[in-house]
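J.: Quick one: the structure is below, and I'll ask about it shortly.
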Amino acid sequence: MTDSPLILAVPSKGRLQENAAAFFARAGLVFSQSRGARDYRGTLKGVPDVEVAFLSASEIVNQLATGAAHLGITGEDLIREQIADADQAVEILTPLGFGNANVVVAVPQAWIDVRNMADLDEVAADLRARHGRKMRVATKYVNLTRRFFAEKGIADYRIVESLGATEGAPGAGSAELIVDITTTGATLAANALKILDDGVMLRSEANLVASARAPWSERARAAATAVLTRIAAEEEARESREIRASLDPAKGQALTALARDFGAVQPFGNALGREVVLHCPASAMFDIVAALQGIGAQDITVRTFDYLFRPTNALTERLLKRIG
Ligand SMILES: Nc1ncnc2c1ncn2[C@@H]1O[C@H](COP(=O)(O)OP(=O)(O)OP(=O)(O)O)[C@@H](O)[C@H]1O
Ligand SMILES: O=P(O)(O)OC[C@H]1O[C@H](OP(=O)(O)OP(=O)(O)O)[C@H](O)[C@@H]1O
Ligand SMILES: [Mg+2]
């Protein structure tokens with residue numbers, strides 16, 4: 001425990017695998033799987049004290065919840081479904097912009113009069129009256145479903161646990177409706193299902209997640225800081241631009257005001273003679289260029305970075321604040 005390494009859990013299959021690998025690669029974090037591609041453990045090139053565990057998105061949630069892994073990438077849908085006390089057990093460090101999918105309640109398109117969750121009350125009553133049984137909901141999101149249906153005041157139903165091909169359940173007659181994840185809607189459409197108007201239970205995406213229960217040794221902390229520093233520097237770089245220009249030094253005050261107005265910084269100060277260097281949010285770049293032209297700047301160039309290392313970063317701060 002005192003000097004356990006950092007365990008980093010990475011999706012090894014399914015929808016998140018490719019994007020997760022690309023995400024780490026962008027941050028300059030390259031896996032080495034010493035014993036060939038079927039090895040489920042690896043290391044990070046050039047970052048000591050990290051053990052990489054290649055697991056399914058769902059197993060990553062289990063390991064974060066128990067503390068068997070320190071950091072991992074997985075879907076929020078699985079976190080909310082599989083961990084009852086998610087906010088105690090884990091800290092979501094940042095959403096990653098991939099693996100987007102909604103967990104939804106869907107019913108047969110043929111149910112023309114059923115549009116929202118409240119309408120399910122009538123469906124349930126009808127099934128009971130006519131067939132003497134409960135309305136059945138097929139899903140693998142048992143906990144999310146119970147919570148959401150309770151919030152919507154739907155109580156008269158039964159969950160049929162599904163382990164795959166959930167969308168086929170109504171057609172096969174094993175359930176009346178389903179709760180499942182959807183991205184393009186193609187699978188729902190292929191099974192003649194529609195999402196209820198208020199039936200989006202959760203908008204999920206992949207997240208970088210830390211375990212609050214893992215053994216955060218000094219070694220693990222240092223390794224996590226090294227990993228998060230690279231991830232944050234890549235993100236900071238992607239969201240930033242460097243602007244250089246030639247400007248009359250007498251315009252120093254106007255330049256300082258301009259930088260302040262647009263949230264730009266002058267990393268080398270105001271003392272470069274005619275040379276101006278600004279770091280700015282990518283979104284403000286064209287406005288800043290126009291403003292610079294407005295005060296007489298010339299030969300304005302804009303560059304992107306591969307990495308931008310700040311003295312500290314939000315990811316590391318968030319982690320350290322949480323694990324104390
Ligand atoms: N259609 C989808 N598009 C984008 N992301 C998805 C999609 N379906 C699932 N995901 C995300 O990826 C996670 C993993 O789902 P995926 O189906 O890839 O897992 P898996 O490794 O195949 O495991 P299983 O065998 O249980 O399905 C989901 O929980 C969700 O966060
Ligand atoms: O809205 P769509 O873009 O059609 O995507 C939705 C489908 O994708 C997922 O299944 P997946 O392909 O991962 O197969 P699985 O059920 O075997 O996990 C999910 O369980 C849906 O079935
Ligand atoms: Mg799947």
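To be explicit about the labels: the chains of the structure tokens are called A, B, and onward in the order shown, and within each one the residues are counted from 1, while ligands get numbers from 1 in the order they are shown.
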Tell me which protein, DNA and RNA residues are within 9 Å of Pro95 (chain A), counting only C-alpha atoms, leaving out same-chain ones fewer than 5 positions away, and put them as JSON, numbers by chain.
T.: {"A": [76, 205, 206, 207, 208, 209]}
J.: Taking 6 positions as the minimum chain separation for residues in the same chain, which residues sit within 8 Å of Gln298 (chain A) when counting only C-alpha atoms? Answer as a list in words.
T.: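 Selected residues are Ala245, Ser246 and Leu247 of chain A.
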J.: Check the smallest atom-to-atom distance from each of A:Ala27, A:Leu64, A:Ala314, A:Leu163 to Arg238 (chain A) using only C-alpha atoms, then report the winner.
T.: A:Ala27
J.: Neighbours of ligand 2 within 7 Å, counting only C-alpha atoms and all ligand atoms, as a PyMOL selection string?
T.: chain A and resi 14-15+164-167+180-188
J.: Enumerate, as a PyMOL selection string, the complete set of residues in region 36-258 of chain A that a backbone-based DSSP assignment places in strand (DSSP E or B).
T.: chain A and resi 41-44+47-55+71-75+90-95+101-108+135-139+157-161+177-182+193-204+206-211+240-246
J.: Which of these residues is nearest to ligand 3, using only C-alpha atoms and all ligand atoms: A:Gln109, A:Gly72, A:Gly99, A:Ser32?
T.: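 Checking each candidate against ligand 3, we get A:Gly99 as the closest.
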J.: Using only C-alpha atoms and all ligand atoms, which of A:Met117, A:Ser162, A:Lys321, A:Ala106 sits nearest ligand 1?
T.: A:Ser162
J.: At a cut-off of 7 Å, using only C-alpha atoms, what residues contact Val90 (chain A)? Leave out same-chain residues fewer than 4 positions from it and give the result as a list in words.
T.: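 The residues satisfying every condition are Leu64, Ala65, Ala86, Val209, Ala210, Ser211 and Ala212 of chain A.
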J.: I need the residues from that last selection saved to file as a compact mmCIF listing (two decimals), in the first residue's frame (with N, CA and C atoms), if you can.
T.:
```
# COMPACT_ATOMS: atom_id res chain seq x y z
N LEU A 64 -12.88 0.87 -10.19
CA LEU A 64 -12.82 2.21 -9.60
C LEU A 64 -13.63 2.25 -8.30
N ALA A 65 -14.76 1.56 -8.30
CA ALA A 65 -15.64 1.57 -7.12
C ALA A 65 -14.98 0.88 -5.93
N ALA A 86 -22.14 6.70 -6.09
CA ALA A 86 -21.12 7.14 -7.06
C ALA A 86 -20.37 8.39 -6.59
N VAL A 209 -12.05 9.24 -14.87
CA VAL A 209 -12.61 9.08 -13.52
C VAL A 209 -11.52 8.64 -12.54
N ALA A 210 -11.55 9.19 -11.33
CA ALA A 210 -10.60 8.77 -10.28
C ALA A 210 -11.36 8.04 -9.18
N SER A 211 -10.71 7.06 -8.60
CA SER A 211 -11.30 6.34 -7.47
C SER A 211 -10.95 7.05 -6.18
N ALA A 212 -11.95 7.24 -5.32
CA ALA A 212 -11.68 7.83 -4.01
C ALA A 212 -11.21 6.75 -3.03
```
J.: Run DSSP on the backbone and tell me which residues of region 23-68 of chain A come out as helix (DSSP H, G or I); list them as a ChimeraX atom specification.
T.: /A:23-26,57-66
J.: Write the residues you've just listed into a file as a CSV table (one decimal), in the first residue's frame, and include N, CA, C and O atoms for each of them.
T.:
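File written: selection02.csv
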```csv
chain,number,residue,atom,x,y,z
A,23,PHE,N,-7.1,9.1,-27.4
A,23,PHE,CA,-7.1,10.2,-26.4
A,23,PHE,C,-5.7,10.2,-25.6
A,23,PHE,O,-5.1,11.2,-25.5
A,24,PHE,N,-5.3,9.0,-25.2
A,24,PHE,CA,-4.0,8.9,-24.5
A,24,PHE,C,-2.8,9.2,-25.5
A,24,PHE,O,-1.9,9.9,-25.1
A,25,ALA,N,-3.0,8.8,-26.7
A,25,ALA,CA,-1.9,9.0,-27.7
A,25,ALA,C,-1.7,10.5,-27.9
A,25,ALA,O,-0.6,11.0,-27.9
A,26,ARG,N,-2.8,11.2,-28.0
A,26,ARG,CA,-2.7,12.7,-28.1
A,26,ARG,C,-2.0,13.4,-27.0
A,26,ARG,O,-1.3,14.3,-27.1
A,57,ALA,N,-15.4,-1.6,-20.3
A,57,ALA,CA,-15.9,-0.4,-19.7
A,57,ALA,C,-16.6,-0.6,-18.4
A,57,ALA,O,-16.5,0.1,-17.4
A,58,SER,N,-17.4,-1.7,-18.3
A,58,SER,CA,-18.1,-2.1,-17.2
A,58,SER,C,-17.2,-2.6,-16.0
A,58,SER,O,-17.4,-2.2,-14.8
A,59,GLU,N,-16.2,-3.3,-16.3
A,59,GLU,CA,-15.3,-3.8,-15.3
A,59,GLU,C,-14.5,-2.6,-14.8
A,59,GLU,O,-14.1,-2.6,-13.6
A,60,ILE,N,-14.2,-1.6,-15.6
A,60,ILE,CA,-13.5,-0.5,-15.1
A,60,ILE,C,-14.3,0.2,-14.0
A,60,ILE,O,-13.7,0.7,-13.0
A,61,VAL,N,-15.6,0.3,-14.2
A,61,VAL,CA,-16.4,0.9,-13.1
A,61,VAL,C,-16.3,0.1,-11.8
A,61,VAL,O,-16.1,0.7,-10.7
A,62,ASN,N,-16.3,-1.2,-11.9
A,62,ASN,CA,-16.1,-2.0,-10.7
A,62,ASN,C,-14.8,-1.8,-10.0
A,62,ASN,O,-14.8,-1.6,-8.8
A,63,GLN,N,-13.8,-1.7,-10.8
A,63,GLN,CA,-12.4,-1.5,-10.2
A,63,GLN,C,-12.3,-0.1,-9.6
A,63,GLN,O,-11.6,0.0,-8.6
A,64,LEU,N,-12.9,0.9,-10.2
A,64,LEU,CA,-12.8,2.2,-9.6
A,64,LEU,C,-13.6,2.2,-8.3
A,64,LEU,O,-13.2,2.9,-7.3
A,65,ALA,N,-14.8,1.6,-8.3
A,65,ALA,CA,-15.6,1.6,-7.1
A,65,ALA,C,-15.0,0.9,-5.9
A,65,ALA,O,-15.1,1.3,-4.8
A,66,THR,N,-14.3,-0.2,-6.2
A,66,THR,CA,-13.6,-0.9,-5.1
A,66,THR,C,-12.3,-0.3,-4.7
A,66,THR,O,-11.7,-0.7,-3.7
```
J.: With distances taken over only C-alpha atoms and all ligand atoms, which residue among A:His70, A:Lys45, A:Arg318, A:Lys140 lies nearest ligand 3?
T.: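 Smallest separation from ligand 3 among the options: A:Lys140.
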J.: Which is closest to Arg41 (chain A) among A:Val103, A:Thr301, A:Gly269, A:Leu55, if we use only C-alpha atoms?
T.: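 Between A:Val103, A:Thr301, A:Gly269, A:Leu55, the residue approaching Arg41 (chain A) most closely is A:Leu55.
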J.: Can you measure CA of Arg310 (chain A) to CA of Glu236 (chain A) for me? One decimal in Å is fine.
T.: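 Computed distance, CA of Arg310 (chain A) to CA of Glu236 (chain A), equals 8.4 Å.
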J.: Quick one: residues within 9 Å of Asn313 (chain A), only C-alpha atoms, excluding same-chain residues fewer than 6 positions away - as a short mmCIF file (atom, residue, chain, number, x, y, z; two decimals) with N, CA, C and O atoms, in the first residue's frame?
T.:
```
data_model
loop_
_atom_site.label_atom_id
_atom_site.label_comp_id
_atom_site.auth_asym_id
_atom_site.auth_seq_id
_atom_site.Cartn_x
_atom_site.Cartn_y
_atom_site.Cartn_z
N LEU A 228 -1.80 13.23 -15.54
CA LEU A 228 -2.79 14.31 -15.69
C LEU A 228 -2.14 15.58 -16.24
O LEU A 228 -2.79 16.34 -16.97
N THR A 229 -0.88 15.81 -15.91
CA THR A 229 -0.17 16.98 -16.43
C THR A 229 -0.11 16.93 -17.95
O THR A 229 -0.36 17.93 -18.64
N ALA A 232 -3.69 17.40 -19.39
CA ALA A 232 -4.12 18.80 -19.27
C ALA A 232 -3.36 19.69 -20.25
O ALA A 232 -3.94 20.62 -20.83
N ALA A 233 -2.08 19.40 -20.45
CA ALA A 233 -1.28 20.23 -21.36
C ALA A 233 -1.75 20.08 -22.80
O ALA A 233 -1.73 21.04 -23.58
N GLU A 236 -5.12 22.01 -22.91
CA GLU A 236 -4.84 23.45 -22.87
C GLU A 236 -4.32 23.93 -24.23
O GLU A 236 -4.72 24.97 -24.73
#
```
